[in-house]
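Below: final15.txt (compact mmCIF, C-alpha atoms)
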# COMPACT_ATOMS: atom_id res chain seq x y z
CA MET A 173 118.93 42.47 106.42
CA SER A 174 118.46 39.81 103.77
CA GLY A 175 118.63 40.42 100.02
CA THR A 176 114.86 40.00 99.62
CA ILE A 177 112.93 42.97 98.27
CA TRP A 178 109.47 43.10 99.83
CA SER A 179 106.38 44.52 98.22
CA VAL A 180 104.40 47.28 99.90
CA ASP A 181 101.35 45.02 100.15
CA ASP A 182 103.23 42.10 101.72
CA HIS A 183 104.87 44.35 104.29
CA LEU A 184 101.54 45.91 105.25
CA GLU A 185 99.90 42.48 105.42
CA ASP A 186 102.60 41.28 107.85
CA ILE A 187 102.09 44.34 110.06
CA LEU A 188 98.30 44.05 110.25
CA ALA A 189 98.49 40.29 110.83
CA ALA A 190 100.51 40.95 113.98
CA ILE A 191 98.32 43.78 115.32
CA ARG A 192 95.34 43.01 117.54
CA PRO A 193 92.69 45.50 118.69
CA LEU A 194 93.20 46.75 122.22
CA ASP A 195 91.14 45.17 124.99
CA PRO A 196 87.90 47.03 125.80
CA ILE A 197 87.62 49.22 128.88
CA GLU A 198 84.85 51.27 130.51
CA LEU A 199 85.33 54.99 129.98
CA GLN A 200 83.46 58.06 131.14
CA LEU A 201 81.80 59.94 128.30
CA GLN A 202 84.25 62.84 128.38
CA ASP A 203 87.11 60.38 127.83
CA ALA A 204 85.43 58.24 125.16
CA GLN A 205 85.56 60.64 122.21
CA GLY A 206 87.16 59.02 119.19
CA CYS A 207 86.83 55.52 120.66
CA VAL A 208 84.96 52.58 119.14
CA LEU A 209 81.96 51.07 120.94
CA VAL A 210 82.17 47.36 121.68
CA GLU A 211 78.53 47.02 122.77
CA ASP A 212 75.12 47.89 121.39
CA ILE A 213 73.57 50.80 123.28
CA THR A 214 69.80 50.60 123.77
CA VAL A 215 67.59 53.44 124.92
CA PRO A 216 66.52 53.01 128.58
CA VAL A 217 63.86 55.75 128.52
CA ALA A 218 62.01 57.54 125.74
CA LEU A 219 63.54 60.73 124.41
CA PRO A 220 62.07 63.19 125.08
CA PRO A 221 60.68 61.55 128.20
CA PHE A 222 57.52 63.72 128.19
CA ASP A 223 55.50 65.93 125.83
CA ASN A 224 57.19 69.32 125.87
CA SER A 225 56.99 72.71 124.20
CA SER A 226 59.22 73.57 121.25
CA MET A 227 58.47 77.28 121.64
CA ASP A 228 58.14 80.00 124.24
CA GLY A 229 54.43 80.74 124.30
CA TYR A 230 51.17 79.59 125.82
CA ALA A 231 49.81 76.10 126.35
CA VAL A 232 46.18 76.05 125.25
CA ARG A 233 43.20 73.90 124.38
CA VAL A 234 42.50 73.75 120.62
CA ALA A 235 38.82 74.59 120.97
CA ASP A 236 39.61 77.79 122.89
CA VAL A 237 41.66 79.32 120.05
CA GLN A 238 39.66 78.01 117.10
CA GLY A 239 38.90 80.86 114.72
CA ALA A 240 41.10 83.36 116.58
CA THR A 241 42.30 86.37 114.55
CA GLU A 242 44.03 89.66 115.28
CA GLU A 243 40.65 91.43 114.89
CA PHE A 244 38.84 88.90 117.03
CA PRO A 245 41.44 87.34 119.38
CA ALA A 246 40.67 84.57 121.84
CA ALA A 247 40.92 85.92 125.38
CA LEU A 248 42.20 83.30 127.85
CA ALA A 249 42.83 83.42 131.57
CA VAL A 250 46.52 82.75 132.38
CA VAL A 251 46.78 80.23 135.22
CA GLY A 252 50.55 80.37 135.76
CA ASP A 253 54.03 79.71 134.39
CA ILE A 254 55.64 76.41 133.38
CA ALA A 255 59.42 76.67 133.09
CA ALA A 256 61.80 74.04 131.73
CA GLY A 257 62.78 71.79 134.62
CA GLY A 258 59.98 73.13 136.79
CA ALA A 259 57.57 70.99 138.76
CA GLY A 260 54.08 70.30 137.39
CA GLY A 261 50.84 71.03 139.17
CA LEU A 262 49.12 73.28 136.67
CA THR A 263 46.14 72.09 134.63
CA VAL A 264 44.72 73.98 131.68
CA GLY A 265 40.93 74.02 131.71
CA PRO A 266 38.40 75.51 129.30
CA GLY A 267 39.11 79.18 128.60
CA GLN A 268 42.53 78.97 130.23
CA ALA A 269 46.18 79.08 129.14
CA ALA A 270 49.56 78.65 130.84
CA ARG A 271 52.73 80.53 129.95
CA ILE A 272 55.19 77.86 128.86
CA MET A 273 58.90 77.96 128.06
CA THR A 274 60.81 75.93 125.47
CA GLY A 275 61.46 72.43 126.82
CA ALA A 276 58.87 72.66 129.58
CA PRO A 277 56.37 69.80 129.95
CA LEU A 278 52.95 70.26 128.39
CA PRO A 279 50.44 70.54 131.26
CA PRO A 280 47.37 68.29 131.55
CA GLY A 281 44.44 69.65 129.58
CA ALA A 282 46.59 71.53 127.06
CA GLU A 283 46.66 70.24 123.48
CA ALA A 284 48.93 72.71 121.70
CA VAL A 285 51.30 75.63 122.17
CA VAL A 286 50.81 79.01 120.53
CA PRO A 287 54.09 80.97 120.12
CA VAL A 288 54.27 84.21 122.06
CA GLU A 289 54.49 86.06 118.73
CA TRP A 290 50.88 84.97 118.06
CA THR A 291 49.71 86.76 121.20
CA ASP A 292 49.73 90.09 122.97
CA GLY A 293 51.95 88.57 125.66
CA GLY A 294 49.40 89.53 128.29
CA THR A 295 50.00 93.24 127.75
CA GLY A 296 46.56 94.04 126.38
CA GLY A 297 48.11 95.51 123.20
CA GLY A 298 49.09 94.11 119.83
CA ALA A 299 51.34 91.18 118.92
CA VAL A 300 54.63 90.95 120.81
CA THR A 301 57.98 89.43 119.92
CA ALA A 302 59.02 88.18 123.36
CA MET A 303 57.70 87.50 126.82
CA ILE A 304 58.24 89.88 129.68
CA PRO A 305 60.89 88.27 131.92
CA ALA A 306 59.29 86.59 134.92
CA GLY A 307 61.62 88.40 137.35
CA ARG A 308 60.56 91.83 136.06
CA GLU A 309 56.88 91.13 135.70
CA PRO A 310 55.69 88.39 138.05
CA GLY A 311 52.14 89.32 137.15
CA GLY A 312 52.75 88.00 133.66
CA ALA A 313 51.95 84.55 134.98
CA SER A 314 48.37 85.59 135.63
CA GLY A 315 45.79 87.89 134.11
CA GLU A 316 44.64 87.51 130.54
CA VAL A 317 46.30 86.81 127.20
CA ARG A 318 44.85 87.46 123.78
CA VAL A 319 45.65 84.86 121.12
CA HIS A 320 45.56 86.07 117.50
CA ARG A 321 45.84 82.78 115.59
CA PRO A 322 44.39 79.28 115.94
CA ALA A 323 46.49 76.16 116.59
CA GLU A 324 45.98 72.54 115.66
CA ALA A 325 46.35 69.69 118.14
CA GLY A 326 50.05 68.97 118.76
CA ALA A 327 51.24 72.27 117.30
CA HIS A 328 54.69 73.25 118.65
CA VAL A 329 54.75 70.21 120.90
CA ARG A 330 57.53 67.62 120.93
CA PRO A 331 55.74 64.33 121.67
CA ARG A 332 57.17 61.87 124.15
CA GLY A 333 59.47 59.42 122.35
CA SER A 334 59.49 61.41 119.09
CA ASP A 335 63.30 61.18 119.03
CA VAL A 336 63.81 57.61 120.27
CA GLN A 337 61.63 55.13 122.10
CA ALA A 338 62.63 53.05 125.09
CA GLY A 339 64.22 49.83 123.82
CA ASP A 340 65.36 51.35 120.52
CA LEU A 341 68.94 50.78 119.38
CA ALA A 342 70.67 54.09 120.03
CA LEU A 343 74.13 53.18 118.72
CA PRO A 344 75.40 49.83 117.39
CA ARG A 345 78.72 48.31 118.38
CA GLY A 346 81.49 49.49 116.11
CA THR A 347 80.29 53.10 116.22
CA VAL A 348 83.07 55.69 116.46
CA LEU A 349 82.09 58.15 119.15
CA GLY A 350 82.14 61.72 117.86
CA PRO A 351 80.45 64.76 119.43
CA PRO A 352 76.89 63.92 118.23
CA GLN A 353 77.18 60.35 119.51
CA ILE A 354 78.53 61.56 122.87
CA GLY A 355 75.56 63.95 123.03
CA LEU A 356 73.08 61.14 122.36
CA LEU A 357 74.63 58.94 125.05
CA ALA A 358 74.38 61.78 127.55
CA ALA A 359 70.78 62.50 126.50
CA ILE A 360 69.72 58.92 127.27
CA GLY A 361 71.50 58.96 130.61
CA ARG A 362 74.67 56.97 129.88
CA GLY A 363 77.56 58.27 131.94
CA SER A 364 80.08 55.71 130.71
CA VAL A 365 80.47 53.24 127.85
CA ARG A 366 82.53 50.19 127.03
CA VAL A 367 84.96 50.96 124.22
CA ARG A 368 88.33 50.13 122.78
CA PRO A 369 90.61 52.90 124.04
CA ARG A 370 92.62 55.21 121.82
CA PRO A 371 96.08 53.66 121.37
CA ARG A 372 99.07 55.28 123.06
CA VAL A 373 101.66 55.89 120.37
CA VAL A 374 105.20 56.92 121.27
CA VAL A 375 107.14 58.66 118.49
CA LEU A 376 110.89 59.18 118.69
CA SER A 377 113.38 60.35 116.12
CA THR A 378 117.08 59.49 116.01
CA GLY A 379 120.13 61.37 114.82
CA SER A 380 122.94 63.33 116.44
CA GLU A 381 122.36 66.05 113.84
CA LEU A 382 118.85 66.83 115.10
CA VAL A 383 118.07 69.96 117.12
CA GLN A 384 114.73 70.86 118.68
CA PRO A 385 112.83 73.76 117.08
CA GLY A 386 113.50 77.01 118.92
CA GLU A 387 117.14 76.18 119.62
CA ALA A 388 120.10 77.52 117.68
CA LEU A 389 121.48 75.40 114.85
CA GLY A 390 125.13 74.42 114.91
CA GLU A 391 127.25 73.42 111.96
CA GLY A 392 125.88 70.34 110.20
CA GLN A 393 122.66 70.35 112.26
CA ILE A 394 119.00 70.41 111.21
CA TYR A 395 115.75 70.76 113.10
CA ASP A 396 113.86 67.66 114.17
CA SER A 397 110.67 67.82 112.12
CA ASN A 398 109.85 64.12 111.90
CA SER A 399 108.84 63.57 115.51
CA PHE A 400 106.51 66.56 115.38
CA ALA A 401 104.94 65.52 112.08
CA LEU A 402 104.47 61.89 113.08
CA ALA A 403 103.12 62.70 116.55
CA ALA A 404 100.58 64.99 114.87
CA ALA A 405 99.77 62.27 112.33
CA ALA A 406 99.21 59.77 115.15
CA ARG A 407 96.75 62.15 116.80
CA ASP A 408 95.03 62.68 113.47
CA ALA A 409 94.67 58.91 113.12
CA GLY A 410 92.89 58.79 116.49
CA ALA A 411 95.72 57.92 118.88
CA LEU A 412 97.09 59.52 122.00
CA SER A 413 100.60 60.47 120.94
CA TYR A 414 103.74 61.09 122.96
CA ARG A 415 106.71 62.71 121.28
CA VAL A 416 110.20 61.93 122.53
CA GLY A 417 112.95 64.40 121.69
CA ALA A 418 115.60 63.31 119.22
CA VAL A 419 117.92 60.57 120.50
CA THR A 420 121.60 60.77 119.63
CA ASP A 421 123.31 58.13 117.50
CA ASP A 422 124.15 55.87 120.40
CA ALA A 423 122.68 52.38 120.45
CA GLY A 424 122.79 52.07 124.23
CA ILE A 425 121.02 55.37 124.81
CA LEU A 426 118.38 54.56 122.21
CA ARG A 427 117.80 51.10 123.65
CA ALA A 428 117.39 52.54 127.15
CA THR A 429 115.03 55.23 125.85
CA ILE A 430 112.84 52.68 124.10
CA GLU A 431 112.73 50.48 127.19
CA ASP A 432 111.70 53.49 129.31
CA GLN A 433 108.86 54.29 126.91
CA LEU A 434 107.39 50.78 126.83
CA ILE A 435 105.35 51.43 129.97
CA ARG A 436 103.18 53.98 128.17
CA ALA A 437 103.19 52.59 124.63
CA ASP A 438 100.69 50.47 122.73
CA LEU A 439 102.77 51.18 119.64
CA LEU A 440 106.28 52.57 119.17
CA VAL A 441 107.34 54.48 116.07
CA THR A 442 110.97 55.40 115.37
CA THR A 443 112.26 57.47 112.50
CA GLY A 444 115.80 57.36 111.14
CA GLY A 445 118.62 54.89 111.48
CA VAL A 446 117.18 52.02 109.42
CA SER A 447 119.30 52.11 106.27
CA VAL A 448 122.74 50.59 105.61
CA GLY A 449 125.04 53.28 106.96
CA ALA A 450 127.60 52.94 109.74
CA TYR A 451 125.49 55.14 112.05
CA ASP A 452 122.08 53.57 111.50
CA VAL A 453 121.55 53.26 115.21
CA VAL A 454 117.99 51.90 115.25
CA LYS A 455 119.09 48.67 113.60
CA GLU A 456 122.03 48.38 115.95
CA ALA A 457 119.98 49.10 119.07
CA LEU A 458 117.10 46.79 118.25
CA ALA A 459 119.30 43.89 117.26
CA SER A 460 119.63 42.89 120.91
CA ALA A 461 115.88 43.22 121.44
CA GLY A 462 115.33 40.02 119.48
CA GLU A 463 117.82 37.87 117.64
CA PRO A 464 121.47 37.84 118.84
CA GLU A 465 122.87 39.35 115.65
CA GLY A 466 119.79 41.43 114.86
CA ASP A 467 119.61 40.58 111.16
CA SER A 468 115.92 39.73 111.36
CA ILE A 469 113.55 37.42 113.07
CA GLY A 470 112.34 34.43 111.18
CA GLU A 471 108.99 35.09 109.51
CA GLU A 472 107.46 32.04 111.11
CA ASP A 473 108.37 33.42 114.55
CA ARG A 474 107.05 36.95 114.05
CA PRO A 475 103.55 36.60 115.52
CA THR A 476 104.79 35.26 118.87
CA GLY A 477 108.48 36.09 119.04
CA SER A 478 110.06 39.38 120.05
CA GLY A 479 112.32 41.08 117.55
CA VAL A 480 112.44 43.57 114.72
CA ASP A 481 112.78 42.66 111.06
CA PHE A 482 114.53 45.22 108.85
CA ARG A 483 113.56 45.09 105.19
CA ARG A 484 114.00 46.76 101.85
CA LEU A 485 110.71 47.52 100.13
CA ALA A 486 109.96 48.00 96.46
CA MET A 487 108.77 51.57 97.01
CA GLN A 488 109.96 55.14 96.66
CA PRO A 489 110.27 56.97 98.97
CA GLY A 490 110.60 54.71 102.00
CA LYS A 491 112.66 51.77 100.82
CA PRO A 492 114.16 50.82 104.25
CA GLN A 493 111.57 49.74 106.84
CA GLY A 494 111.52 47.87 110.11
CA PHE A 495 108.73 46.09 111.96
CA GLY A 496 108.49 43.76 114.91
CA THR A 497 107.66 43.55 118.60
CA ILE A 498 109.77 44.36 121.63
CA GLY A 499 109.60 44.05 125.38
CA PRO A 500 107.80 41.62 127.67
CA ASP A 501 104.38 42.55 126.28
CA HIS A 502 105.51 42.23 122.65
CA THR A 503 104.73 45.89 121.96
CA PRO A 504 104.57 46.55 118.20
CA LEU A 505 107.33 48.77 116.82
CA LEU A 506 107.55 50.30 113.38
CA ALA A 507 110.93 51.72 112.34
CA LEU A 508 110.62 54.30 109.56
CA PRO A 509 113.24 56.02 107.42
CA GLY A 510 114.64 59.37 108.48
CA ASN A 511 114.04 61.52 105.43
CA PRO A 512 110.93 63.65 106.16
CA VAL A 513 108.88 62.66 103.12
CA SER A 514 109.90 59.02 103.45
CA SER A 515 108.86 58.91 107.09
CA TYR A 516 105.51 60.61 106.47
CA VAL A 517 104.61 58.46 103.46
CA SER A 518 105.61 55.38 105.45
CA PHE A 519 103.40 56.51 108.32
CA GLU A 520 100.39 56.87 106.04
CA LEU A 521 100.93 53.47 104.42
CA PHE A 522 101.87 51.41 107.48
CA VAL A 523 101.50 53.18 110.84
CA ARG A 524 98.08 54.73 110.35
CA PRO A 525 96.47 51.36 109.46
CA ALA A 526 98.18 49.80 112.50
CA ILE A 527 96.81 52.52 114.80
CA ARG A 528 93.29 52.15 113.49
CA THR A 529 93.50 48.36 113.77
CA LEU A 530 94.46 48.78 117.43
CA MET A 531 91.37 50.97 117.83
CA GLY A 532 89.11 48.32 116.33
CA ARG A 533 88.22 50.57 113.39
CA GLU A 534 86.96 49.02 110.17
CA ASP A 535 88.15 51.90 107.99
CA VAL A 536 91.88 51.45 108.55
CA HIS A 537 93.05 52.79 105.18
CA ARG A 538 92.92 56.23 103.61
CA PRO A 539 90.32 56.51 100.83
CA ARG A 540 91.55 56.06 97.28
CA VAL A 541 90.16 57.45 94.03
CA ARG A 542 91.04 57.49 90.35
CA ALA A 543 91.99 60.81 88.76
CA LEU A 544 93.44 62.18 85.54
CA LEU A 545 97.03 63.36 85.79
CA ARG A 546 97.49 67.06 85.13
CA ALA A 547 101.18 67.74 84.46
CA GLY A 548 103.38 69.62 82.02
CA ALA A 549 105.44 66.55 81.20
CA ALA A 550 105.52 62.81 81.75
CA LEU A 551 106.35 61.61 85.26
CA GLY A 552 109.27 59.22 85.52
CA SER A 553 109.36 56.39 88.02
CA PRO A 554 112.03 53.78 88.85
CA ALA A 555 111.41 50.33 87.45
CA GLY A 556 110.23 47.76 89.96
CA ARG A 557 109.24 50.30 92.64
CA ARG A 558 105.86 51.66 93.60
CA GLN A 559 106.32 55.40 93.71
CA PHE A 560 104.27 57.76 95.85
CA LEU A 561 104.37 61.34 94.59
CA ARG A 562 102.84 64.27 96.40
CA GLY A 563 99.91 65.97 94.70
CA ARG A 564 96.86 68.23 94.85
CA TYR A 565 93.51 66.62 94.07
CA ASP A 566 90.64 68.51 92.44
CA SER A 567 87.51 66.50 93.17
CA GLY A 568 85.32 68.70 90.96
CA ALA A 569 87.50 68.26 87.89
CA GLY A 570 88.59 64.73 88.76
CA THR A 571 92.25 65.66 88.27
CA VAL A 572 95.44 65.49 90.29
CA THR A 573 98.50 67.73 89.93
CA PRO A 574 101.99 66.84 91.24
CA VAL A 575 103.44 69.10 93.94
CA GLY A 576 107.23 69.42 94.08
CA GLY A 577 109.60 66.74 92.93
CA SER A 578 110.23 63.15 93.96
CA GLY A 579 112.98 63.94 96.48
CA SER A 580 112.43 62.47 99.95
CA HIS A 581 113.68 65.66 101.65
CA LEU A 582 111.13 68.08 100.14
CA VAL A 583 109.17 69.04 103.24
CA ALA A 584 107.72 72.24 101.75
CA ALA A 585 106.10 70.33 98.88
CA LEU A 586 104.64 67.83 101.32
CA ALA A 587 103.06 70.65 103.32
CA HIS A 588 101.17 71.79 100.22
CA ALA A 589 99.98 68.33 99.16
CA ASP A 590 96.65 66.74 100.04
CA CYS A 591 97.16 63.38 98.38
CA LEU A 592 99.66 60.82 97.14
CA ILE A 593 99.87 59.89 93.45
CA VAL A 594 100.57 56.17 93.09
CA VAL A 595 102.75 54.99 90.20
CA PRO A 596 102.73 51.17 90.00
CA GLU A 597 105.91 49.09 90.03
CA GLN A 598 105.64 48.17 86.35
CA ASP A 599 105.32 51.77 85.11
CA THR A 600 108.44 53.82 84.44
CA SER A 601 106.58 56.77 82.94
CA VAL A 602 103.11 58.27 83.29
CA GLU A 603 101.88 60.63 80.60
CA PRO A 604 99.75 63.73 81.26
CA GLY A 605 96.08 62.85 80.96
CA ALA A 606 96.61 59.27 82.14
CA GLU A 607 94.36 57.88 84.86
CA VAL A 608 96.21 57.29 88.13
CA GLU A 609 95.40 56.05 91.60
CA VAL A 610 95.30 58.73 94.29
CA VAL A 611 95.49 58.28 98.07
CA LEU A 612 93.56 61.09 99.77
CA LEU A 613 95.31 62.43 102.86
CA GLY A 614 92.75 64.87 104.24

As structure tokens, what does this structure read like?
Amino acid sequence: MSGTIWSVDDHLEDILAAIRPLDPIELQLQDAQGCVLVEDITVPVALPPFDNSSMDGYAVRVADVQGATEEFPAALAVVGDIAAGGAGGLTVGPGQAARIMTGAPLPPGAEAVVPVEWTDGGTGGGAVTAMIPAGREPGGASGEVRVHRPAEAGAHVRPRGSDVQAGDLALPRGTVLGPPQIGLLAAIGRGSVRVRPRPRVVVLSTGSELVQPGEALGEGQIYDSNSFALAAAARDAGALSYRVGAVTDDAGILRATIEDQLIRADLLVTTGGVSVGAYDVVKEALASAGEPEGDSIGEEDRPTGSGVDFRRLAMQPGKPQGFGTIGPDHTPLLALPGNPVSSYVSFELFVRPAIRTLMGREDVHRPRVRALLRAGAALGSPAGRRQFLRGRYDSGAGTVTPVGGSGSHLVAALAHADCLIVVPEQDTSVEPGAEVEVVLLG
């Protein structure tokens, strides 16, 4: 590690300059959720493809129900039933009506639909609230119905193409496929789409002191929270995440574990072992992945070479960071600090943008706003470092309140925060009421 202190912005710029969106693939709709389209989708057929009823009721001619009232209903001969998905064949002539269900095609001759609530339902009595089920009363498809209200042409009818017309642009390239977009694609008959896949992110934590949740703690041990938090954060960012249990402080074991994971990784994230201690195993293990001594790769070699550069950043928390590529496919690897808050803040600043760049997303960064600091006293910050404090943001009041202290081990405070308060490098104190930058996390 050289003596250079890197800025947060320069480190992020280096990361994103080395990340390329994943190559597009064809995916079935059920597998494409969260992915980004790489093609414009045009509508092959109109939607809906035919005039259909928006109500359960009766398909009628307008002239036959003109002037109809409850006192003087229009009596129409029922010629049959038209169910959604059923075959056609019925025609509505003068003085006739057809029972029609929601979504069923409007029969020739009919100009409108009167809801069943406007009729006697064929019972010969007053207004009804529902049709008699066809299975219980087959005769309901014939006989006579009395209509109590008039209807205008097109009433309760969904016209062909009223949603989209054939040739319309359904979804432009760059669209992120959520449930409504998946529904639209299915509605226009697309069974698969060409997208950039969700990146496969492997998260592994290091440290002989780490124990998996659910196991008993021994002396000097703590539970591994980082791998769980970062795997969840990767999923939240849109990736497919794979969590690897904590790896002991052994460079050979860690190196072998990383090599085993390369087959299923578009991005590797490690946490712990990147500082200056004697047991900072990530630096030791990844030294042989690139340069012989592992200090760092030359900056001019980073885009094409394979190796990991370990740096000190002008930020708090998260000063030690590592980034580079490893393996035959130059898989990106981000090495984060081991303290829980440091690792999570580092993920939000560096890993999340990398994941979303791999996805081909345009919105790679968390949104940022300005807010007034609500605090009982001034907030201190180390000179020359950009500090990221945890906070709660009140959008209605336009204020932000610190949560917990500045310690990088305060997991409980992090769990109650929904934003990061940014204190610039040049500021060593921020007074209550001052305007600050806020990174929104949720």

Name the closest residue to Arg192 of chain A among the candidates A:Ala526, A:Val446, A:Leu561, A:Leu485; distances are taken between atoms, counting all atoms listed in the file.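 Closest to Arg192 of chain A, using all atoms listed in the file: A:Ala526.
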
Shell of 8 Å around Gln598 of chain A, all atoms listed in the file, local chain residues under 6 positions omitted, as JSON, numbers by chain: {"A": [555, 556, 557]}

Convert the current residue selection to file output with C-alpha atoms, as an mmCIF file, keeping the file's coordinate frame.
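So the final result, stored in part.cif, reads:
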data_model
loop_
_atom_site.group_PDB
_atom_site.id
_atom_site.type_symbol
_atom_site.label_atom_id
_atom_site.label_comp_id
_atom_site.auth_asym_id
_atom_site.auth_seq_id
_atom_site.Cartn_x
_atom_site.Cartn_y
_atom_site.Cartn_z
ATOM 1 C CA ALA A 555 111.410 50.330 87.450
ATOM 2 C CA GLY A 556 110.230 47.760 89.960
ATOM 3 C CA ARG A 557 109.240 50.300 92.640
#

So, with all atoms listed in the file as the atoms that count, which of A:Gly333, A:Ala282, A:Pro305, A:Gly257 lies closest to Pro216 of chain A?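 Nearest to Pro216 of chain A: A:Gly333.
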
Take atom CA of Pro539 of chain A and atom CA of Leu612 of chain A and report the distance between them in Å, one decimal.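 These atoms are spaced 5.7 Å apart.
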
Between atom CA of Gly267 of chain A and atom CA of Phe222 of chain A, distance in Å (one decimal):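 Between atom CA of Gly267 of chain A and atom CA of Phe222 of chain A the gap is 24.0 Å.
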
Identify, on the basis of all atoms listed in the file, every residue whose closest approach to Pro504 of chain A does not exceed 12 Å; exclude the query and any residue fewer than 2 positions from it along the same chain; express the result as a VMD selection string. chain A and resid 186 to 193 371 to 374 430 434 437 to 442 474 to 481 494 to 502 506 to 507 523 526 to 527 530

Nearest to Asp181 of chain A among A:Phe482, A:Tyr395, A:Phe522, A:Tyr414, with distances taken over only C-alpha atoms: which residue is it?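 Counting only C-alpha atoms, the residue closest to Asp181 of chain A is A:Phe522.
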
Using only C-alpha atoms, find the one residue out of A:Ala587, A:Val611, A:Ala486, A:Ala327 that sits nearest to Trp178 of chain A.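 So, comparing all the options, the nearest one is A:Ala486.
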
Rounded to one decimal, what separation in Å do you get between atom CA of Tyr565 of chain A and atom CA of Tyr516 of chain A?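 Between these atoms lies a distance of 18.3 Å.
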
Looking at A:Pro554, A:Pro351, A:Gly281, A:Pro596, which one is nearest to Leu262 of chain A, with distances taken over only C-alpha atoms?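 With only C-alpha atoms as the atom set, the closest residue is A:Gly281.
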
Where atoms are missing, can you supply N, CA, C and O atoms for segment 266-277 of chain A and output the lot as a PDB file, keeping the file's coordinate frame?
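As a result, rebuild.pdb now contains:
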ATOM      1  N   PRO A 266      39.054  74.705 130.334  1.00  0.00           N
ATOM      2  CA  PRO A 266      38.400  75.510 129.300  1.00  0.00           C
ATOM      3  C   PRO A 266      38.576  76.994 129.551  1.00  0.00           C
ATOM      4  O   PRO A 266      38.426  77.474 130.677  1.00  0.00           O
ATOM      5  N   GLY A 267      38.941  77.743 128.488  1.00  0.00           N
ATOM      6  CA  GLY A 267      39.110  79.180 128.600  1.00  0.00           C
ATOM      7  C   GLY A 267      40.381  79.591 129.310  1.00  0.00           C
ATOM      8  O   GLY A 267      40.553  80.779 129.631  1.00  0.00           O
ATOM      9  N   GLN A 268      41.293  78.670 129.500  1.00  0.00           N
ATOM     10  CA  GLN A 268      42.530  78.970 130.230  1.00  0.00           C
ATOM     11  C   GLN A 268      43.767  78.735 129.353  1.00  0.00           C
ATOM     12  O   GLN A 268      43.709  78.058 128.330  1.00  0.00           O
ATOM     13  N   ALA A 269      44.882  79.295 129.793  1.00  0.00           N
ATOM     14  CA  ALA A 269      46.180  79.080 129.140  1.00  0.00           C
ATOM     15  C   ALA A 269      47.258  79.156 130.219  1.00  0.00           C
ATOM     16  O   ALA A 269      47.035  79.724 131.294  1.00  0.00           O
ATOM     17  N   ALA A 270      48.412  78.567 129.930  1.00  0.00           N
ATOM     18  CA  ALA A 270      49.560  78.650 130.840  1.00  0.00           C
ATOM     19  C   ALA A 270      50.761  79.132 130.044  1.00  0.00           C
ATOM     20  O   ALA A 270      51.007  78.654 128.934  1.00  0.00           O
ATOM     21  N   ARG A 271      51.468  80.135 130.591  1.00  0.00           N
ATOM     22  CA  ARG A 271      52.730  80.530 129.950  1.00  0.00           C
ATOM     23  C   ARG A 271      53.690  79.357 130.023  1.00  0.00           C
ATOM     24  O   ARG A 271      53.857  78.753 131.081  1.00  0.00           O
ATOM     25  N   ILE A 272      54.305  79.036 128.892  1.00  0.00           N
ATOM     26  CA  ILE A 272      55.190  77.860 128.860  1.00  0.00           C
ATOM     27  C   ILE A 272      56.477  78.218 128.134  1.00  0.00           C
ATOM     28  O   ILE A 272      56.480  78.987 127.167  1.00  0.00           O
ATOM     29  N   MET A 273      57.594  77.684 128.642  1.00  0.00           N
ATOM     30  CA  MET A 273      58.900  77.960 128.060  1.00  0.00           C
ATOM     31  C   MET A 273      59.371  76.741 127.239  1.00  0.00           C
ATOM     32  O   MET A 273      58.919  75.619 127.444  1.00  0.00           O
ATOM     33  N   THR A 274      60.268  76.999 126.316  1.00  0.00           N
ATOM     34  CA  THR A 274      60.810  75.930 125.470  1.00  0.00           C
ATOM     35  C   THR A 274      61.389  74.820 126.341  1.00  0.00           C
ATOM     36  O   THR A 274      62.195  75.071 127.231  1.00  0.00           O
ATOM     37  N   GLY A 275      60.972  73.588 126.075  1.00  0.00           N
ATOM     38  CA  GLY A 275      61.460  72.430 126.820  1.00  0.00           C
ATOM     39  C   GLY A 275      60.638  72.082 128.036  1.00  0.00           C
ATOM     40  O   GLY A 275      60.850  71.024 128.634  1.00  0.00           O
ATOM     41  N   ALA A 276      59.698  72.940 128.408  1.00  0.00           N
ATOM     42  CA  ALA A 276      58.870  72.660 129.580  1.00  0.00           C
ATOM     43  C   ALA A 276      57.795  71.637 129.234  1.00  0.00           C
ATOM     44  O   ALA A 276      57.317  71.568 128.101  1.00  0.00           O
ATOM     45  N   PRO A 277      57.382  70.827 130.219  1.00  0.00           N
ATOM     46  CA  PRO A 277      56.370  69.800 129.950  1.00  0.00           C
ATOM     47  C   PRO A 277      54.991  70.401 129.677  1.00  0.00           C
ATOM     48  O   PRO A 277      54.597  71.380 130.310  1.00  0.00           O
TER      49      PRO A 277
END
